[in-house]
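Student: So I've got this file, start-v5.csv, and it contains CSV, C-alpha atoms:
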```csv
chain,number,residue,atom,x,y,z
L,1,MET,CA,0.0,0.0,0.0
L,2,THR,CA,1.5,3.3,-0.9
L,3,GLN,CA,1.6,6.1,1.6
L,4,LEU,CA,-1.5,5.3,3.6
L,5,ARG,CA,-2.4,2.0,5.3
L,6,LEU,CA,-5.7,0.3,4.3
L,7,THR,CA,-7.1,0.9,7.8
L,8,GLU,CA,-6.7,4.7,7.2
L,9,LEU,CA,-8.2,4.5,3.7
L,10,ILE,CA,-11.4,2.7,4.9
L,11,HIS,CA,-12.0,4.8,8.0
L,12,GLU,CA,-14.1,7.5,6.4
L,13,PRO,CA,-16.0,5.5,3.7
L,14,PHE,CA,-16.9,2.7,6.2
L,15,HIS,CA,-17.6,4.9,9.2
L,16,CYS,CA,-21.4,4.3,8.8
L,17,LEU,CA,-20.8,0.6,9.5
L,18,ALA,CA,-19.1,1.4,12.7
L,19,GLU,CA,-21.7,3.9,13.8
L,20,SER,CA,-24.8,2.1,12.7
L,21,PHE,CA,-23.9,-1.6,13.1
L,22,GLY,CA,-21.0,-1.7,15.5
L,23,PHE,CA,-18.2,-2.8,13.1
L,24,SER,CA,-14.7,-2.3,14.3
L,25,VAL,CA,-11.3,-3.3,13.0
L,26,VAL,CA,-10.2,-6.6,14.5
L,27,HIS,CA,-7.3,-7.5,12.1
L,28,ALA,CA,-5.1,-5.8,9.6
L,29,GLU,CA,-2.2,-6.9,7.5
L,30,ASP,CA,-0.1,-4.9,5.0
L,31,TYR,CA,2.2,-6.3,2.5
L,32,PRO,CA,4.0,-3.3,0.9
L,33,LYS,CA,6.5,-5.5,-0.9
L,34,ASP,CA,3.8,-7.6,-2.5
L,35,TYR,CA,2.2,-5.1,-4.9
L,36,GLY,CA,0.8,-3.1,-2.0
L,37,ASN,CA,-1.5,-5.9,-1.0
L,38,ALA,CA,-3.4,-5.5,2.3
L,39,ILE,CA,-6.3,-6.8,4.3
L,40,VAL,CA,-8.5,-5.4,7.0
L,41,VAL,CA,-11.2,-7.4,8.8
L,42,LEU,CA,-14.1,-5.5,10.4
L,43,GLN,CA,-16.3,-7.3,12.9
L,44,SER,CA,-19.8,-6.6,14.2
L,45,ARG,CA,-21.8,-8.7,16.6
L,46,VAL,CA,-23.0,-11.0,13.8
L,47,CYS,CA,-20.4,-11.2,11.1
L,48,ARG,CA,-17.1,-10.1,9.6
L,49,LEU,CA,-16.2,-8.0,6.6
L,50,ARG,CA,-12.9,-8.6,5.0
L,51,ILE,CA,-11.6,-5.8,2.8
L,52,ILE,CA,-8.8,-6.9,0.5
L,53,VAL,CA,-6.5,-5.0,-1.7
L,54,GLU,CA,-4.8,-7.2,-4.2
L,55,ARG,CA,-2.6,-5.6,-7.0
L,56,GLU,CA,-4.4,-2.3,-6.5
L,57,ARG,CA,-7.9,-3.9,-6.8
L,58,VAL,CA,-10.3,-3.8,-3.9
L,59,PHE,CA,-12.6,-6.7,-3.0
L,60,VAL,CA,-15.0,-7.3,-0.1
L,61,GLU,CA,-15.9,-10.6,1.5
L,62,VAL,CA,-18.3,-11.3,4.3
L,63,GLY,CA,-18.0,-14.2,6.7
L,64,SER,CA,-19.4,-15.6,9.9
L,65,LEU,CA,-17.8,-14.9,13.2
L,66,GLN,CA,-16.1,-18.2,12.8
L,67,ALA,CA,-14.4,-17.1,9.6
L,68,PRO,CA,-10.6,-17.0,10.3
L,69,LEU,CA,-8.9,-13.6,10.6
L,70,ASP,CA,-5.7,-14.9,9.0
L,71,TRP,CA,-5.6,-14.5,5.3
L,72,ALA,CA,-3.6,-17.7,4.8
L,73,ILE,CA,-6.1,-20.1,6.4
L,74,HIS,CA,-8.3,-21.6,3.7
L,75,ALA,CA,-11.9,-21.2,4.7
L,76,SER,CA,-14.0,-20.7,1.5
L,77,HIS,CA,-17.0,-22.3,3.3
L,78,LEU,CA,-16.9,-19.3,5.7
L,79,TRP,CA,-15.9,-16.4,3.5
L,80,PHE,CA,-18.1,-15.2,0.6
L,81,ASP,CA,-17.5,-12.5,-2.0
L,82,ILE,CA,-20.0,-9.7,-1.4
L,83,GLY,CA,-21.1,-10.0,-5.0
L,84,ASP,CA,-22.2,-13.6,-4.5
L,85,VAL,CA,-24.0,-12.7,-1.2
L,86,ILE,CA,-25.9,-9.9,-2.9
L,87,LEU,CA,-26.9,-12.1,-5.8
L,88,PHE,CA,-28.0,-14.8,-3.4
L,89,LEU,CA,-30.1,-12.3,-1.3
L,90,THR,CA,-31.7,-10.8,-4.4
L,91,ASP,CA,-32.1,-14.1,-6.2
L,92,GLY,CA,-30.0,-12.8,-9.0
L,93,LYS,CA,-32.2,-9.8,-9.6
L,94,THR,CA,-29.4,-7.4,-8.6
L,95,THR,CA,-25.9,-7.6,-9.9
L,96,TRP,CA,-22.8,-6.5,-8.1
L,97,GLU,CA,-19.8,-5.3,-10.0
L,98,TYR,CA,-16.7,-4.0,-8.5
L,99,PRO,CA,-15.7,-0.6,-9.7
L,100,PHE,CA,-13.1,-0.6,-12.5
L,101,PRO,CA,-10.1,1.3,-11.2
L,102,ASP,CA,-9.7,4.8,-12.6
L,103,SER,CA,-6.6,4.6,-14.8
L,104,ASP,CA,-5.8,8.3,-14.1
L,105,LEU,CA,-5.2,7.5,-10.4
L,106,ARG,CA,-2.3,5.8,-8.7
L,107,GLY,CA,-1.4,4.3,-5.4
L,108,ALA,CA,-3.5,5.3,-2.4
L,109,ALA,CA,-5.7,7.5,-4.5
L,110,LEU,CA,-6.6,4.6,-6.7
L,111,ILE,CA,-7.4,2.4,-3.7
L,112,ALA,CA,-9.4,5.1,-1.9
L,113,ASN,CA,-11.5,5.8,-5.1
L,114,GLN,CA,-12.5,2.1,-5.2
L,115,ILE,CA,-13.2,1.9,-1.5
L,116,GLU,CA,-15.5,4.9,-1.6
L,117,SER,CA,-17.4,3.4,-4.5
L,118,ILE,CA,-17.8,0.0,-2.8
L,119,ALA,CA,-18.9,1.5,0.5
L,120,GLY,CA,-21.6,3.4,-1.3
L,121,GLU,CA,-22.8,0.4,-3.3
L,122,LEU,CA,-22.8,-1.8,-0.2
L,123,GLN,CA,-24.9,0.5,1.9
L,124,PRO,CA,-28.4,-0.5,0.6
L,125,TYR,CA,-27.7,-4.2,1.2
L,126,ILE,CA,-25.9,-4.2,4.6
L,127,GLY,CA,-29.0,-4.8,6.6
L,128,GLU,CA,-29.9,-7.9,4.6
L,129,VAL,CA,-26.3,-9.1,4.7
L,130,LEU,CA,-26.2,-8.8,8.5
L,131,HIS,CA,-29.4,-10.7,8.8
L,132,LEU,CA,-28.1,-13.5,6.6
L,133,PHE,CA,-25.0,-13.8,8.7
L,134,GLU,CA,-26.7,-13.9,12.1
L,135,PRO,CA,-25.5,-17.2,13.5
L,136,GLU,CA,-28.9,-19.1,13.4
L,137,VAL,CA,-29.8,-17.7,10.0
L,138,PHE,CA,-26.4,-18.4,8.5
L,139,GLU,CA,-26.4,-22.0,9.7
L,140,GLU,CA,-29.8,-22.5,8.0
L,141,GLN,CA,-28.7,-20.7,4.8
L,142,ARG,CA,-25.0,-21.6,4.5
L,143,ALA,CA,-25.5,-24.7,2.3
L,144,GLY,CA,-27.8,-22.8,0.0
L,145,LEU,CA,-25.3,-19.9,-0.2
L,146,LEU,CA,-22.4,-22.4,-1.0
L,147,GLU,CA,-24.6,-24.1,-3.7
L,148,TYR,CA,-25.5,-20.7,-5.2
L,149,ARG,CA,-21.9,-19.6,-5.3
L,150,GLN,CA,-21.0,-22.9,-7.1
L,151,ARG,CA,-23.7,-22.5,-9.6
L,152,GLN,CA,-22.5,-18.9,-10.3
L,153,ALA,CA,-18.9,-20.2,-10.8
L,154,ASP,CA,-20.2,-23.0,-13.1
L,155,LYS,CA,-22.1,-20.5,-15.2
L,156,TRP,CA,-19.0,-18.2,-15.5
L,157,LEU,CA,-16.8,-21.2,-16.5
L,158,ASN,CA,-19.4,-22.4,-19.0
L,159,SER,CA,-19.5,-18.9,-20.6
L,160,LEU,CA,-15.7,-18.9,-20.9
L,161,TYR,CA,-15.8,-22.4,-22.5
L,162,GLU,CA,-18.5,-21.2,-24.9
L,163,LYS,CA,-16.5,-18.1,-25.9
L,164,ARG,CA,-13.5,-20.3,-26.4
L,165,ARG,CA,-15.4,-22.7,-28.6
L,166,MET,CA,-16.8,-19.9,-30.7
L,167,ALA,CA,-13.3,-18.4,-31.1
L,168,ASP,CA,-12.0,-21.8,-32.2
L,169,ARG,CA,-14.8,-22.2,-34.7
L,170,GLU,CA,-14.2,-18.7,-36.1
L,171,ALA,CA,-10.5,-19.5,-36.4
L,172,GLU,CA,-11.3,-22.7,-38.4
L,173,LEU,CA,-13.2,-20.7,-41.0
```
What's the structure tokens form of this structure?

Tutor:
Amino acid sequence: MTQLRLTELIHEPFHCLAESFGFSVVHAEDYPKDYGNAIVVLQSRVCRLRIIVERERVFVEVGSLQAPLDWAIHASHLWFDIGDVILFLTDGKTTWEYPFPDSDLRGAALIANQIESIAGELQPYIGEVLHLFEPEVFEEQRAGLLEYRQRQADKWLNSLYEKRRMADREAEL
């Protein structure tokens, strides 16, 4: 991360989560030598949000209170990309797309721009997300959420395969 740490960059855009829902920073890691990668985990009384910066792209995952804080521990059954969660909650009627980084910005300004956009896009859904990750609700819904995520991944892979088949057919002509 250049200049500012991720915890500083998320402070203002995500302040409403702290004020309204009791989120606070419980874990932070910065890897300045690894393309500025960083992670911050916010926790409320019902779930965790993991904000990830990887190669100057910002991603958000949501997990149960049992989701590990450590980035290195594999727990895909406990951490879910916010896009998958929103698709699941809206039964695919709403799409979530991460903001494409502004090519005119660099370093911390580029990261801050994405964080502000994500925070604004997340706000209308945070109540439903919190409800989904309440322990008793999450235990009932986790299998369905895992299945939904797998179906989304399968659809994405099938679309890639289809594009490849079409490109191969065009190349044969």

Student: Please indicate the distance in Å from CA of Ser20 (chain L) to CA of Leu145 (chain L), rounded to one decimal place.

Tutor: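 That distance, rounded to one decimal, is 25.5 Å.
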
Student: Quick check, in Å to one decimal: how far apart do CA of Pro135 (chain L) and CA of Trp96 (chain L) lie?

Tutor: 24.3 Å

Student: Can you tell me, as a ChimeraX atom specification, what residues are no more than 12 Å from Arg57 (chain L) when counting all atoms listed in the file, ignoring any on the same chain fewer than 5 positions away?

Tutor: /L:1,35-39,51-52,98-103,106-115,118

Student: Which residues are near region 66-74 of chain L? Cut-off 9 Å, all atoms listed in the file, ignore same chain within fewer than 2 positions. Put them as JSON, numbers by chain.

Tutor: {"L": [26, 27, 28, 29, 39, 40, 41, 47, 48, 50, 62, 63, 64, 76, 77, 78, 79]}

Student: Might you pull out every residue within 8 Å of Pro13 (chain L), with only C-alpha atoms counted and same-chain residues fewer than 6 positions away left off, and present them as a PyMOL selection string?

Tutor: chain L and resi 115-116+119-120

Student: Rounded to one decimal, what separation in Å do you get between CA of Ser159 (chain L) and CA of Thr95 (chain L)?

Tutor: 16.8 Å

Student: Restricting the calculation to all atoms listed in the file, which member of L:Arg151, L:Leu146, L:Leu89, L:Gln43 is positioned closest to Gly127 (chain L)?

Tutor: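 Among the listed residues, the smallest separation from Gly127 (chain L) belongs to L:Leu89.
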
Student: Counting all atoms listed in the file, figure out which residue out of L:Leu87, L:Val46, L:Val53, L:Val25 gets nearest to Leu132 (chain L).

Tutor: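 Closest to Leu132 (chain L) of all the choices is L:Val46.
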
Student: Applying 7 Å and only C-alpha atoms, which residues near Ile82 (chain L) remain after dropping the ones on its own chain fewer than 4 positions away? List them as a list in words.

Tutor: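 The neighbour list is Val60, Glu61, Val62 and Ile86 of chain L.
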